[in-house]
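**Q** This one is entry-v6.txt, compact mmCIF, C-alpha atoms.
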```txt
# COMPACT_ATOMS: atom_id res chain seq x y z
CA MET S 1 0.00 0.00 0.00
CA LYS S 2 1.34 3.42 -0.95
CA GLN S 3 2.05 6.04 1.69
CA THR S 4 1.29 9.74 2.00
CA THR S 5 3.96 11.75 3.81
CA LYS S 6 3.16 15.37 2.89
CA MET S 7 0.48 17.35 4.74
CA SER S 8 -0.92 18.91 1.57
CA ARG S 9 -1.41 15.48 0.05
CA ALA S 10 -2.86 14.15 3.30
CA VAL S 11 -5.55 16.84 3.40
CA ASN S 12 -6.29 16.27 -0.29
CA GLN S 13 -6.73 12.57 0.43
CA LEU S 14 -9.01 13.29 3.40
CA GLU S 15 -11.20 15.49 1.18
CA HIS S 16 -11.37 12.71 -1.40
CA MET S 17 -12.28 10.19 1.30
CA TYR S 18 -15.07 12.42 2.61
CA ASN S 19 -16.52 12.83 -0.88
CA SER S 20 -16.42 9.07 -1.51
CA ILE S 21 -18.00 8.23 1.86
CA ASN S 22 -20.70 10.84 1.23
CA GLU S 23 -21.55 9.33 -2.15
CA ASP S 24 -21.28 5.67 -1.13
CA PHE S 25 -22.92 5.75 2.33
CA PHE S 26 -25.03 8.94 2.40
CA ASN S 27 -26.30 9.11 -1.20
CA GLY S 28 -24.39 12.36 -1.69
CA GLU S 29 -26.78 14.17 0.66
CA LEU S 30 -24.13 15.77 2.86
CA PRO S 31 -22.86 19.25 2.00
CA GLN S 32 -19.35 20.28 1.11
CA VAL S 33 -17.28 20.73 4.28
CA ILE S 34 -13.86 22.04 5.22
CA ILE S 35 -11.54 19.20 6.22
CA THR S 36 -8.92 20.24 8.76
CA VAL S 37 -6.06 18.59 10.59
CA GLN S 38 -5.58 20.21 13.99
CA SER S 39 -3.96 19.19 17.25
CA LYS S 40 -6.76 17.75 19.41
CA PRO S 41 -5.18 15.51 22.07
CA GLY S 42 -7.81 13.21 23.53
CA THR S 43 -9.96 12.76 20.41
CA TYR S 44 -9.83 11.16 16.99
CA GLY S 45 -11.79 13.96 15.36
CA HIS S 46 -14.79 16.24 15.51
CA SER S 47 -17.46 17.85 13.39
CA SER S 48 -18.60 21.39 14.08
CA ARG S 49 -22.09 22.13 15.33
CA ALA S 50 -22.30 25.28 13.21
CA LYS S 51 -20.99 26.50 9.87
CA VAL S 52 -17.76 27.84 11.30
CA TRP S 53 -15.95 28.45 7.99
CA LYS S 54 -16.87 31.53 5.96
CA ARG S 55 -16.47 31.83 2.22
CA LYS S 56 -17.50 34.60 -0.13
CA GLU S 57 -20.55 32.72 -1.35
CA ASP S 58 -21.52 30.57 1.66
CA ASN S 59 -20.56 29.14 5.07
CA LEU S 60 -19.37 25.60 5.67
CA TYR S 61 -19.24 23.00 8.45
CA GLU S 62 -15.88 21.59 9.56
CA ILE S 63 -14.74 18.01 9.99
CA ASN S 64 -11.40 17.70 11.76
CA ILE S 65 -9.02 14.76 12.03
CA ALA S 66 -6.80 15.01 15.09
CA ALA S 67 -3.17 15.58 14.07
CA GLU S 68 -2.00 13.13 16.74
CA VAL S 69 -3.84 10.15 15.18
CA LEU S 70 -3.54 10.98 11.49
CA SER S 71 -1.03 8.16 10.89
CA LEU S 72 -3.14 5.42 12.46
CA PRO S 73 -4.13 2.60 10.07
CA ILE S 74 -6.22 4.03 7.24
CA GLU S 75 -9.36 2.20 8.36
CA GLU S 76 -9.29 4.23 11.58
CA THR S 77 -9.44 7.43 9.53
CA VAL S 78 -12.26 6.02 7.38
CA ASP S 79 -14.13 5.15 10.58
CA THR S 80 -13.55 8.63 12.03
CA ILE S 81 -14.76 10.46 8.91
CA THR S 82 -17.83 8.22 8.65
CA HIS S 83 -18.47 8.68 12.38
CA GLU S 84 -18.41 12.46 11.96
CA CYS S 85 -20.61 12.21 8.87
CA ILE S 86 -23.23 10.55 11.09
CA HIS S 87 -23.10 13.58 13.38
CA LEU S 88 -23.35 15.98 10.45
CA SER S 89 -26.30 14.09 8.96
CA CYS S 90 -28.10 14.19 12.32
CA ARG S 91 -27.38 17.90 12.65
CA LEU S 92 -28.92 18.62 9.25
CA LYS S 93 -32.02 16.54 10.02
CA GLY S 94 -32.53 17.78 13.58
CA ILE S 95 -31.87 14.36 15.12
CA GLN S 96 -30.64 14.19 18.73
CA GLU S 97 -27.88 11.57 18.63
CA THR S 98 -25.80 12.84 21.57
CA SER S 99 -26.23 14.39 25.00
CA ASN S 100 -23.99 15.74 27.78
CA ASN S 101 -22.49 18.42 25.50
CA GLY S 102 -21.66 15.90 22.79
CA TYR S 103 -19.92 13.39 25.06
CA TYR S 104 -22.62 10.72 25.27
CA HIS S 105 -23.59 8.92 22.04
CA ASN S 106 -27.03 7.37 22.46
CA LYS S 107 -28.87 4.44 20.88
CA VAL S 108 -30.06 6.65 18.02
CA PHE S 109 -26.41 7.23 17.11
CA LYS S 110 -25.75 3.48 17.41
CA ARG S 111 -28.63 2.62 15.07
CA LEU S 112 -27.63 5.18 12.46
CA ALA S 113 -23.95 4.22 12.65
CA GLU S 114 -24.77 0.56 12.10
CA GLU S 115 -27.09 1.45 9.21
CA HIS S 116 -24.10 3.13 7.59
CA GLY S 117 -21.77 0.16 7.96
CA LEU S 118 -20.03 0.97 11.25
CA THR S 119 -19.57 -1.38 14.19
CA CYS S 120 -20.55 -0.02 17.62
CA VAL S 121 -19.45 -1.02 21.10
CA TYR S 122 -20.72 0.33 24.41
CA THR S 123 -18.03 2.24 26.32
CA GLY S 124 -19.92 3.07 29.51
CA SER S 125 -22.33 5.59 30.95
CA ARG S 126 -20.16 8.62 30.24
CA TYR S 127 -19.52 8.21 26.53
CA GLY S 128 -22.14 5.70 25.37
CA TRP S 129 -21.72 4.02 21.99
CA ASN S 130 -18.33 4.05 20.29
CA THR S 131 -17.46 3.06 16.71
CA THR S 132 -14.63 0.78 15.67
CA PRO S 133 -13.42 -0.33 12.22
CA SER S 134 -15.24 -3.42 10.96
CA ASP S 135 -14.00 -5.91 8.39
CA ASN S 136 -16.44 -4.37 5.91
CA LEU S 137 -14.93 -0.93 6.46
CA ILE S 138 -11.42 -2.31 6.06
CA ALA S 139 -12.44 -4.04 2.83
CA TYR S 140 -13.93 -0.74 1.64
CA ALA S 141 -10.65 1.12 2.29
CA ILE S 142 -8.69 -1.61 0.50
CA GLU S 143 -11.09 -1.51 -2.46
CA LYS S 144 -10.64 2.26 -2.75
CA GLY S 145 -6.86 1.86 -2.66
CA TRP S 146 -6.39 4.77 -0.26
CA ASN S 147 -2.83 5.45 0.82
CA GLU S 148 -1.61 4.98 4.35
CA ILE S 149 -1.02 8.46 5.82
CA GLN S 150 2.43 8.41 7.40
CA ILE S 151 2.49 11.82 9.03
CA SER S 152 1.16 12.93 12.42
CA ARG S 153 1.87 15.35 15.24
CA ASN S 154 4.05 13.90 18.01
CA THR S 155 2.06 14.97 21.06
CA ILE S 156 2.13 12.97 24.29
CA GLN S 157 -1.45 11.92 24.99
CA SER S 158 -3.68 9.07 26.09
CA ILE S 159 -6.22 9.20 23.24
CA ARG S 160 -9.26 9.62 25.41
CA ILE S 161 -12.66 11.07 24.66
CA GLY S 162 -13.34 14.77 25.19
CA ALA S 163 -15.94 17.22 24.01
CA ILE S 164 -14.65 20.18 22.01
CA ASP S 165 -16.33 23.58 22.08
CA GLY S 166 -18.50 23.96 18.99
CA SER S 167 -18.06 20.35 17.96
CA SER S 168 -19.05 16.82 18.73
CA SER S 169 -16.30 14.36 19.47
CA SER S 170 -15.47 11.11 17.79
CA VAL S 171 -15.99 8.59 20.55
CA ARG S 172 -13.66 5.63 20.17
CA GLU S 173 -11.85 4.19 23.17
CA PRO S 174 -8.31 2.94 22.48
CA GLY S 175 -7.99 -0.79 22.19
CA VAL S 176 -11.63 -1.38 21.31
CA ARG S 177 -11.49 -3.32 18.06
CA THR S 178 -13.63 -6.01 16.48
CA SER S 179 -11.85 -6.36 13.14
CA SER S 180 -9.37 -8.98 12.01
CA THR S 181 -7.31 -6.80 9.70
CA ARG S 182 -3.77 -7.90 8.96
CA LYS S 183 -0.86 -5.80 7.73
CA LEU S 184 1.80 -7.44 5.57
CA ILE S 185 5.14 -6.00 4.49
CA CYS S 186 7.48 -7.00 1.67
CA THR S 187 10.80 -8.39 2.93
CA GLY S 188 12.54 -6.51 0.11
CA CYS S 189 11.11 -3.09 -0.78
CA LYS S 190 9.02 -2.79 2.44
CA GLN S 191 5.80 -2.05 0.57
CA THR S 192 2.77 -2.81 2.75
CA VAL S 193 -0.71 -4.17 2.11
CA ARG S 194 -3.73 -4.96 4.26
CA ALA S 195 -5.96 -7.99 4.20
CA THR S 196 -9.02 -9.10 6.14
CA LYS S 197 -7.92 -12.74 6.36
CA LYS S 198 -4.70 -14.74 6.54
CA VAL S 199 -3.05 -14.84 3.11
CA ASN S 200 0.20 -15.95 1.47
CA ILE S 201 1.25 -13.42 -1.18
CA LEU S 202 4.29 -12.21 -3.07
CA CYS S 203 5.26 -8.58 -3.64
CA GLY S 204 4.52 -7.63 -7.25
CA ASN S 205 7.65 -5.45 -7.36
CA CYS S 206 10.22 -7.82 -5.88
CA MET S 207 8.53 -11.21 -6.17
CA LEU S 208 9.48 -11.77 -2.54
CA PRO S 209 7.15 -13.07 0.19
CA MET S 210 5.20 -10.56 2.25
CA ILE S 211 5.15 -11.23 5.98
CA GLU S 212 2.52 -10.30 8.54
CA VAL S 213 3.53 -7.57 11.03
```
With the file now loaded, output its structure as structure tokens.
**A**
Amino acid sequence: MKQTTKMSRAVNQLEHMYNSINEDFFNGELPQVIITVQSKPGTYGHSSRAKVWKRKEDNLYEINIAAEVLSLPIEETVDTITHECIHLSCRLKGIQETSNNGYYHNKVFKRLAEEHGLTCVYTGSRYGWNTTPSDNLIAYAIEKGWNEIQISRNTIQSIRIGAIDGSSSSVREPGVRTSSTRKLICTGCKQTVRATKKVNILCGNCMLPMIEV
């Protein structure tokens, strides 16, 4: 799998991912947004509650991916963007999917998230329902051929959940995973790929075996 190591290309890829997820999972009903990468220790991302970006012709919502987690496996970013798209969709339709200032994700959020291909796990009475990458989401990322983003901000943190003023947080506890994704690397050129099951494959560049890491 190819890698993205420049911020400009990373943001461009995030915009492309949002557009694809909008078309494939939301029938293209979501509006254009501004995708940002900002330092937000304690969260994976957020979507703004209001149209916080001003342009000459209109105002736009924001979806942010936390700079500290940008280089997590690509399926985590797909999950985060889709998670925030759920919030945006609810916002547009006047659906109450969270409470406690955006901390607690209720059963309405769980139902809508699962309807859009996400896997939910209950994380307790403070944060409610969390999303985690499913095998279907991993397969979707692989099918799209999206690059692994290999750039992130090196901030010491514990990746916990926290509400952000003017936004709703992406609620995903660390270590909560239900997928069986595997990462393989070529023993020669170090190219990587992902698979949803155990496989034996050769690198197309080097014709050397790829090993699971």
**Q** Give me the residues within 9 Å of S:Asn64 as a list of chain:residue names, counting all atoms listed in the file and dropping any in the same chain fewer than 5 places off.
**A**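 Within the cut-off, the hits are S:Ile34, S:Ile35, S:Thr36, S:Val37, S:Gln38, S:Lys40, S:Tyr44, S:Gly45, S:His46, S:Ser47, S:Ser48, S:Ile81, S:Glu84.
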**Q** Any chance you could export the current selection's C-alpha atoms as a short mmCIF file (atom, residue, chain, number, x, y, z; two decimals), in the frame of the given file?
**A**
```
data_model
loop_
_atom_site.label_atom_id
_atom_site.label_comp_id
_atom_site.auth_asym_id
_atom_site.auth_seq_id
_atom_site.Cartn_x
_atom_site.Cartn_y
_atom_site.Cartn_z
CA ILE S 34 -13.86 22.04 5.22
CA ILE S 35 -11.54 19.20 6.22
CA THR S 36 -8.92 20.24 8.76
CA VAL S 37 -6.06 18.59 10.59
CA GLN S 38 -5.58 20.21 13.99
CA LYS S 40 -6.76 17.75 19.41
CA TYR S 44 -9.83 11.16 16.99
CA GLY S 45 -11.79 13.96 15.36
CA HIS S 46 -14.79 16.24 15.51
CA SER S 47 -17.46 17.85 13.39
CA SER S 48 -18.60 21.39 14.08
CA ILE S 81 -14.76 10.46 8.91
CA GLU S 84 -18.41 12.46 11.96
#
```
**Q** Which residues of stretch 42-101 of chain S come within 12 Å of stretch 117-129 of chain S, and for each one, what is the closest pair of atoms and their distance in Å to one decimal, counting all atoms listed in the file, sorted by chain and residue number, as a tab-separated table?
**A**
```
residue	atom	partner	partner_atom	distance
S:Glu75	CA	S:Leu118	CA	11.1
S:Glu76	CA	S:Leu118	CA	11.2
S:Val78	CA	S:Leu118	CA	10.0
S:Asp79	CA	S:Leu118	CA	7.3
S:Thr80	CA	S:Leu118	CA	10.1
S:Ile81	CA	S:Leu118	CA	11.1
S:Thr82	CA	S:Leu118	CA	8.0
S:His83	CA	S:Leu118	CA	7.9
S:Glu84	CA	S:Leu118	CA	11.6
S:Cys85	CA	S:Leu118	CA	11.5
S:Ile86	CA	S:Leu118	CA	10.1
S:Glu97	CA	S:Trp129	CA	10.3
S:Thr98	CA	S:Gly128	CA	8.9
S:Ser99	CA	S:Tyr127	CA	9.2
S:Asn100	CA	S:Arg126	CA	8.5
S:Asn101	CA	S:Tyr127	CA	10.7
```
**Q** Go ahead and save the picked residues with C-alpha atoms, as a PDB file, keeping the file's coordinate frame.
**A**
```
ATOM      1  CA  GLU S  75      -9.360   2.200   8.360  1.00  0.00           C
ATOM      2  CA  GLU S  76      -9.290   4.230  11.580  1.00  0.00           C
ATOM      3  CA  VAL S  78     -12.260   6.020   7.380  1.00  0.00           C
ATOM      4  CA  ASP S  79     -14.130   5.150  10.580  1.00  0.00           C
ATOM      5  CA  THR S  80     -13.550   8.630  12.030  1.00  0.00           C
ATOM      6  CA  ILE S  81     -14.760  10.460   8.910  1.00  0.00           C
ATOM      7  CA  THR S  82     -17.830   8.220   8.650  1.00  0.00           C
ATOM      8  CA  HIS S  83     -18.470   8.680  12.380  1.00  0.00           C
ATOM      9  CA  GLU S  84     -18.410  12.460  11.960  1.00  0.00           C
ATOM     10  CA  CYS S  85     -20.610  12.210   8.870  1.00  0.00           C
ATOM     11  CA  ILE S  86     -23.230  10.550  11.090  1.00  0.00           C
ATOM     12  CA  GLU S  97     -27.880  11.570  18.630  1.00  0.00           C
ATOM     13  CA  THR S  98     -25.800  12.840  21.570  1.00  0.00           C
ATOM     14  CA  SER S  99     -26.230  14.390  25.000  1.00  0.00           C
ATOM     15  CA  ASN S 100     -23.990  15.740  27.780  1.00  0.00           C
ATOM     16  CA  ASN S 101     -22.490  18.420  25.500  1.00  0.00           C
TER      17      ASN S 101
END
```
**Q** Find the spatial neighbours of S:Arg9, counting only C-alpha atoms, within a cut-off of 12 Å - ignore same-chain residues fewer than 4 positions away - and output them as a PyMOL selection string.
**A** chain S and resi 3-5+13-16+37+146-151
**Q** Go ahead and write the selection's residues with C-alpha atoms as a CSV table (one decimal), in the coordinates of the input.
**A**
```csv
chain,number,residue,atom,x,y,z
S,3,GLN,CA,2.0,6.0,1.7
S,4,THR,CA,1.3,9.7,2.0
S,5,THR,CA,4.0,11.8,3.8
S,13,GLN,CA,-6.7,12.6,0.4
S,14,LEU,CA,-9.0,13.3,3.4
S,15,GLU,CA,-11.2,15.5,1.2
S,16,HIS,CA,-11.4,12.7,-1.4
S,37,VAL,CA,-6.1,18.6,10.6
S,146,TRP,CA,-6.4,4.8,-0.3
S,147,ASN,CA,-2.8,5.4,0.8
S,148,GLU,CA,-1.6,5.0,4.4
S,149,ILE,CA,-1.0,8.5,5.8
S,150,GLN,CA,2.4,8.4,7.4
S,151,ILE,CA,2.5,11.8,9.0
```
**Q** May I have the residues within 10 Å of S:Leu30 as a ChimeraX atom specification, using all atoms listed in the file and disregarding those fewer than 5 positions away in the same chain?
**A** /S:18-19,21-23,85-86,88-89,92
**Q** I'd like the interatomic distance between atom CA of S:Lys110 and atom CA of S:Ala141, to a tenth of an Å.
**A**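 So the answer is 21.5 Å.
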**Q** Can you tell me how far atom CA of S:Val193 sits from atom CA of S:Asn130, in Å to one decimal?
**A**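 Separation of atom CA of S:Val193 and atom CA of S:Asn130: 26.6 Å.
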**Q** With 8 Å on each side, where is the centre of the axis-aligned box around all listed atoms of stretch 85-98 of chain S, and how long are its edges in Å to one decimal, as AutoDock Vina command-line options?
**A**
```
--center_x -26.6 --center_y 14.6 --center_z 15.2 --size_x 27.9 --size_y 24.1 --size_z 28.7
```
**Q** Return the single residue from S:Asn12, S:Gln191, S:Ser20, S:Ser39 that is closest to S:Ala67, with distances computed using only C-alpha atoms.
**A** S:Ser39
**Q** Quick one: distance from atom CA of S:Phe25 to atom CA of S:Glu57 in Å, one decimal?
**A** 27.3 Å
**Q** Taking 5 positions as the minimum chain separation for residues in the same chain, which residues sit within 12 Å of S:Leu202 when counting all atoms listed in the file? Answer as a ChimeraX atom specification.
**A** /S:184-193,207-212
